[in-house]
Amino acid sequence: MRRGRKILAWVLGILILLIVAIVLFVAFFDWNRLKPPINEKVSEAIGRPFAINGDLSAHWSREPGEDGLVGLVPWPHFTARDITVANPDWAKSKQFATLATLDFRLSPFPLIAHRIVVPEIRLGQPQIALERVKNGNNTWTFKLPESSGPSEWQLELNAIAFDKGHIDFSDATNQIVMGIDVTPLGKGIPFDEIMAQQEKDSRAQANKITGASARTMAKSDADEKDRQDETKKKQVYYFAWDAKGTYKKSTVAAKARTGGVLALRDANRPFPVQADARFGDTRIAFVGTLTDPLNMGALDVRLWFSGTSMSHLYDLTGVALPDTPPFATEGHLKANLKKGASVYTYENFTGRVGGSDLGGSLVFDTGGQRPSLTGKLKSNQLLFSDLAPLIGGGSNEEKAQRGDSMKQPADKVLPVEPFKTDRWNAMDADVQFTGVKIVHGERLPIDNLSTHLVLKDSVLVLDPLKFGVAGGTVGSNIRLDGTKTPMRGGFNLGARHLKLKELFPTFAPMQTSFGEMNGDASLTATGNSPAALLGSSNGEVKLLINDGAISSSLLELAGLNVGSYAVNRLFGDEVVKINCMAADLVSTNGVMESRLFAFDTEKALINVTGDIDFREEKLNLDIVPHTKGFRLFSLRSPLYVHGTFKDPAPGVHAGPLILRGGGAVALAVFAAPVAALAALVVPESGKADATQCKPLLDDLRKNPPKAPPAGKAPPAGKARG
């Protein structure tokens, strides 16, 4: 027993002497003697010069928060001063990084298992120059030596602590030049204060951009969620980041605040982040946390967007969005960060686009062959005018505000601004949109809108694109193939049960009418703008109205001044009952001709012939009245409508008077070409085949409209009817 005690005493004594010797060695050893081999080894490891130019020192201290034997054993703390890391020879800046000091400590016990555990590394006054040139070479990728096998040692760096510093960033590939200053705040700012200030600033910006009130923008579901997140409330911000520069010729100004220590491996230790950045006319702001970035952890922030057009977000985010009026949104962004396959979810966001509200959830997934955008959007109150930018509409002043260089010619009505098909291959999309209520003037009786948009392999499909109009529906599907040059399009439309009295709700005589409008259209076209598509369109348009009424006041309400002129000449201001109106039109290379366009009224049959040239935006129509019975018209000569869409020119043909005819004239005009309209004889709701057109179409229920393949015109002489 005595001998065993002596052996134990000797072992403990030797161990204590060894610890004392190591402590004395660390305390009194001149660590500067190790700088040359350290510089050499590190330079060899990173493939470029590394140097500790100042003192290298060490001291011992116990690790706070550790218990037991681990808490009793002191840890070595090292400090290196004046450190430089060189850039490649091709870089503009000689040094990649300079540090006034580099402080870190080692956990001693993992060294036994060949693990180098650094709980925290502190960078003192860092100056960093990041550069990427057009060929893709960059200064932050180090050329590491090829390994002959797995290393016996493993390095674990758990956290990085910041200090005052500066970062220069130049990226020729993405056209970014930025200078960033990092400054301590002096005292920590709690999460609640940061959130409240950013919320106030962002909603003020939303009000400035779209006119949305703070109360409207405050309806985000993410708002209440963030307020209830106790984890975030505990976060404190210690550093301010101030960035200025340019991005693709646009000025960039950003202010950010972060915590003081970034945990690289601990997913339970969130790193608070906040930023408010302006990229030209677009503003992005967020407040939240980043966790476990080394293992591609998660971003969880409250996010605000605002700007003059959503299309401007493409350069920043890679998400191809359409041109829109000024917009502002706010919501909750959650991101699972994975290399090459990150998933971003912008959930329960609300906002304004022009004068319309917008809300929903979107998911952007960067995995797969190309990124994809999916989700559902909803507008409870949609201004119809806010849809104009989607097809290049709006005034030149509005176009200039959203940065569109293509001006609308003063003599043109159809939008000439091209679709941005070069962006369609950047991502796929599958998004559903619902406009619950459409707000418009009295002349436009559109009630609601819904569509399913699918973008796949640069082909855009809207199927269905459905409108609620005047108690009926207008359903359509559109296909635009962006892989072709010029783009190819296909359009199919069907209008059913459009009530005439609801088409013109403020026109009292129409309120007694039970007439309905039905129509079909099928067109193909080529071109990169709405004007080009209509100017090359081929196909058919068919329209049928029964049991209505017409007058000059009616057409003035519809905004058809040309029609108003014609009806005034024919009928004066009287309300005239329509027995039937039928139109069968064929479009060939953008020129729409009338195979049949006639009004059968109680007083006359009015026949319209000629064509509408969408390519040149010209009108060439003749309006010929055929008298029924012995009633005299105020004007017996044919009318014409010539001129352009922008400036139509109606008038009276100088020529022989049109002789008074009878009901036989109507039958003669209708008999042959009306066959193709049979498919549009749709009974009114609640009635069985109640239509004045029916006697003319009883046995002619076939030949729906059809269009040739995109880019091809119908063969000459093959028009039906």
# chains A, B, ... in the order shown; residues from 1 in each chain; ligands from 1
>>> select_by_dssp(residues="segment 409-532 of chain A", states="alpha helix (DSSP H)", output="NGL selection string")
:A and (500-503 or 530-532)
>>> residues_around(residues="Ser450 of chain A", least_positions_apart="3", cutoff="8 Å", atoms="only C-alpha atoms", output="PDB file with C-alpha atoms, in the first residue's frame")
ATOM      1  CA  GLN A 432     -51.575  30.836 -59.827  1.00  0.00           C
ATOM      2  CA  PHE A 433     -53.090  34.313 -59.616  1.00  0.00           C
ATOM      3  CA  THR A 434     -56.573  35.438 -58.602  1.00  0.00           C
ATOM      4  CA  GLY A 435     -57.967  38.951 -58.878  1.00  0.00           C
ATOM      5  CA  PRO A 464     -56.590  29.312 -68.360  1.00  0.00           C
ATOM      6  CA  LEU A 465     -56.672  33.102 -68.458  1.00  0.00           C
ATOM      7  CA  LYS A 466     -60.224  33.731 -67.339  1.00  0.00           C
ATOM      8  CA  PHE A 467     -62.200  36.938 -66.870  1.00  0.00           C
TER       9      PHE A 467
END
>>> residues_around(residues="Ser250 of chain A", least_positions_apart="5", cutoff="9 Å", atoms="only C-alpha atoms", output="number ranges by chain")
A: 245, 279-281
>>> residues_around(residues="segment 336-353 of chain A", least_positions_apart="6", cutoff="6 Å", atoms="only C-alpha atoms", output="JSON, numbers by chain")
{"A": [220, 221, 296, 297, 298, 325, 326, 327, 328, 329, 330, 359, 360, 361, 362, 363, 364, 365, 366, 367]}
>>> closest_residue(among="A:Ser309, A:Val73, A:Ser57, A:Asp463", to="Ala400 of chain A", atoms="only C-alpha atoms")
A:Ser309
>>> closest_residue(among="A:Gly651, A:Pro270, A:Gly475, A:Pro415", to="Ser529 of chain A", atoms="only C-alpha atoms")
A:Pro415
>>> closest_residue(among="A:Asp292, A:Trp424, A:Tyr237, A:Leu262", to="Pro322 of chain A", atoms="only C-alpha atoms")
A:Trp424
>>> atom_distance(atom1="atom CA of Leu500 of chain A", atom2="atom CA of Gly515 of chain A")
5.6 Å
>>> closest_atom_pairs(of="segment 243-299 of chain A", to="segment 171-193 of chain A", cutoff="10 Å", atoms="only C-alpha atoms", output="CSV")
residue,atom,partner,partner_atom,distance
A:Ala243,CA,A:Ile180,CA,4.3
A:Lys244,CA,A:Gly179,CA,5.5
A:Gly245,CA,A:Met178,CA,4.3
A:Thr246,CA,A:Val177,CA,5.4
A:Tyr247,CA,A:Ile176,CA,4.6
A:Lys248,CA,A:Gln175,CA,5.1
A:Lys249,CA,A:Gln175,CA,7.7
A:Ser250,CA,A:Ile176,CA,9.5
A:Thr251,CA,A:Val177,CA,9.7
A:Val252,CA,A:Met178,CA,8.1
A:Ala253,CA,A:Met178,CA,9.2
A:Ala254,CA,A:Ile180,CA,9.0
A:Lys255,CA,A:Ile180,CA,9.4
A:Ala256,CA,A:Val182,CA,9.3
A:Arg257,CA,A:Leu185,CA,8.7
A:Thr258,CA,A:Ile189,CA,9.8
A:Gly259,CA,A:Gly188,CA,8.5
A:Gly260,CA,A:Pro184,CA,8.6
A:Pro272,CA,A:Phe191,CA,8.0
A:Val273,CA,A:Phe191,CA,9.5
A:Gln274,CA,A:Phe191,CA,9.4
A:Val287,CA,A:Phe191,CA,8.5
A:Gly288,CA,A:Phe191,CA,8.3
>>> write_last_selection(atoms="N, CA and C atoms", output="PDB file, in the first residue's frame")
ATOM      1  N   ALA A 243     -22.093  50.460 -46.868  1.00  0.00           N
ATOM      2  CA  ALA A 243     -21.589  50.103 -48.200  1.00  0.00           C
ATOM      3  C   ALA A 243     -22.027  51.137 -49.228  1.00  0.00           C
ATOM      4  N   LYS A 244     -21.108  51.501 -50.117  1.00  0.00           N
ATOM      5  CA  LYS A 244     -21.408  52.416 -51.223  1.00  0.00           C
ATOM      6  C   LYS A 244     -20.678  51.927 -52.461  1.00  0.00           C
ATOM      7  N   GLY A 245     -21.327  52.128 -53.613  1.00  0.00           N
ATOM      8  CA  GLY A 245     -20.682  51.714 -54.854  1.00  0.00           C
ATOM      9  C   GLY A 245     -21.641  51.739 -56.008  1.00  0.00           C
ATOM     10  N   THR A 246     -21.375  50.888 -56.992  1.00  0.00           N
ATOM     11  CA  THR A 246     -22.215  50.807 -58.178  1.00  0.00           C
ATOM     12  C   THR A 246     -22.510  49.349 -58.497  1.00  0.00           C
ATOM     13  N   TYR A 247     -23.662  49.138 -59.110  1.00  0.00           N
ATOM     14  CA  TYR A 247     -24.059  47.804 -59.559  1.00  0.00           C
ATOM     15  C   TYR A 247     -24.717  47.958 -60.928  1.00  0.00           C
ATOM     16  N   LYS A 248     -24.028  47.436 -61.969  1.00  0.00           N
ATOM     17  CA  LYS A 248     -24.520  47.556 -63.346  1.00  0.00           C
ATOM     18  C   LYS A 248     -24.925  48.993 -63.657  1.00  0.00           C
ATOM     19  N   LYS A 249     -24.033  49.913 -63.385  1.00  0.00           N
ATOM     20  CA  LYS A 249     -24.180  51.342 -63.671  1.00  0.00           C
ATOM     21  C   LYS A 249     -25.201  52.036 -62.776  1.00  0.00           C
ATOM     22  N   SER A 250     -25.819  51.312 -61.854  1.00  0.00           N
ATOM     23  CA  SER A 250     -26.727  51.930 -60.892  1.00  0.00           C
ATOM     24  C   SER A 250     -25.987  52.146 -59.576  1.00  0.00           C
ATOM     25  N   THR A 251     -26.302  53.230 -58.914  1.00  0.00           N
ATOM     26  CA  THR A 251     -25.670  53.505 -57.626  1.00  0.00           C
ATOM     27  C   THR A 251     -26.240  52.579 -56.557  1.00  0.00           C
ATOM     28  N   VAL A 252     -25.385  52.202 -55.626  1.00  0.00           N
ATOM     29  CA  VAL A 252     -25.771  51.323 -54.528  1.00  0.00           C
ATOM     30  C   VAL A 252     -25.391  51.992 -53.217  1.00  0.00           C
ATOM     31  N   ALA A 253     -26.315  52.016 -52.294  1.00  0.00           N
ATOM     32  CA  ALA A 253     -26.048  52.510 -50.944  1.00  0.00           C
ATOM     33  C   ALA A 253     -26.759  51.586 -49.968  1.00  0.00           C
ATOM     34  N   ALA A 254     -26.008  51.049 -49.018  1.00  0.00           N
ATOM     35  CA  ALA A 254     -26.596  50.091 -48.074  1.00  0.00           C
ATOM     36  C   ALA A 254     -26.053  50.340 -46.679  1.00  0.00           C
ATOM     37  N   LYS A 255     -26.924  50.207 -45.712  1.00  0.00           N
ATOM     38  CA  LYS A 255     -26.539  50.262 -44.306  1.00  0.00           C
ATOM     39  C   LYS A 255     -27.024  48.987 -43.637  1.00  0.00           C
ATOM     40  N   ALA A 256     -26.151  48.396 -42.830  1.00  0.00           N
ATOM     41  CA  ALA A 256     -26.503  47.137 -42.181  1.00  0.00           C
ATOM     42  C   ALA A 256     -25.984  47.131 -40.761  1.00  0.00           C
ATOM     43  N   ARG A 257     -26.572  46.258 -39.965  1.00  0.00           N
ATOM     44  CA  ARG A 257     -26.094  46.034 -38.593  1.00  0.00           C
ATOM     45  C   ARG A 257     -26.122  44.540 -38.308  1.00  0.00           C
ATOM     46  N   THR A 258     -25.122  44.088 -37.580  1.00  0.00           N
ATOM     47  CA  THR A 258     -25.007  42.668 -37.261  1.00  0.00           C
ATOM     48  C   THR A 258     -24.577  42.496 -35.817  1.00  0.00           C
ATOM     49  N   GLY A 259     -24.599  41.225 -35.383  1.00  0.00           N
ATOM     50  CA  GLY A 259     -24.039  40.897 -34.088  1.00  0.00           C
ATOM     51  C   GLY A 259     -22.524  40.964 -34.141  1.00  0.00           C
ATOM     52  N   GLY A 260     -21.878  40.674 -33.016  1.00  0.00           N
ATOM     53  CA  GLY A 260     -20.422  40.771 -32.940  1.00  0.00           C
ATOM     54  C   GLY A 260     -19.711  39.473 -33.223  1.00  0.00           C
ATOM     55  N   PRO A 272     -27.603  37.791 -35.510  1.00  0.00           N
ATOM     56  CA  PRO A 272     -28.558  38.825 -35.928  1.00  0.00           C
ATOM     57  C   PRO A 272     -28.041  39.624 -37.129  1.00  0.00           C
ATOM     58  N   VAL A 273     -28.907  39.821 -38.124  1.00  0.00           N
ATOM     59  CA  VAL A 273     -28.551  40.592 -39.313  1.00  0.00           C
ATOM     60  C   VAL A 273     -29.673  41.583 -39.617  1.00  0.00           C
ATOM     61  N   GLN A 274     -29.296  42.713 -40.156  1.00  0.00           N
ATOM     62  CA  GLN A 274     -30.240  43.742 -40.605  1.00  0.00           C
ATOM     63  C   GLN A 274     -29.576  44.516 -41.721  1.00  0.00           C
ATOM     64  N   VAL A 287     -34.672  42.218 -41.604  1.00  0.00           N
ATOM     65  CA  VAL A 287     -34.253  42.102 -40.205  1.00  0.00           C
ATOM     66  C   VAL A 287     -34.502  40.664 -39.781  1.00  0.00           C
ATOM     67  N   GLY A 288     -33.493  40.022 -39.158  1.00  0.00           N
ATOM     68  CA  GLY A 288     -33.687  38.651 -38.719  1.00  0.00           C
ATOM     69  C   GLY A 288     -32.393  38.004 -38.290  1.00  0.00           C
TER      70      GLY A 288
END
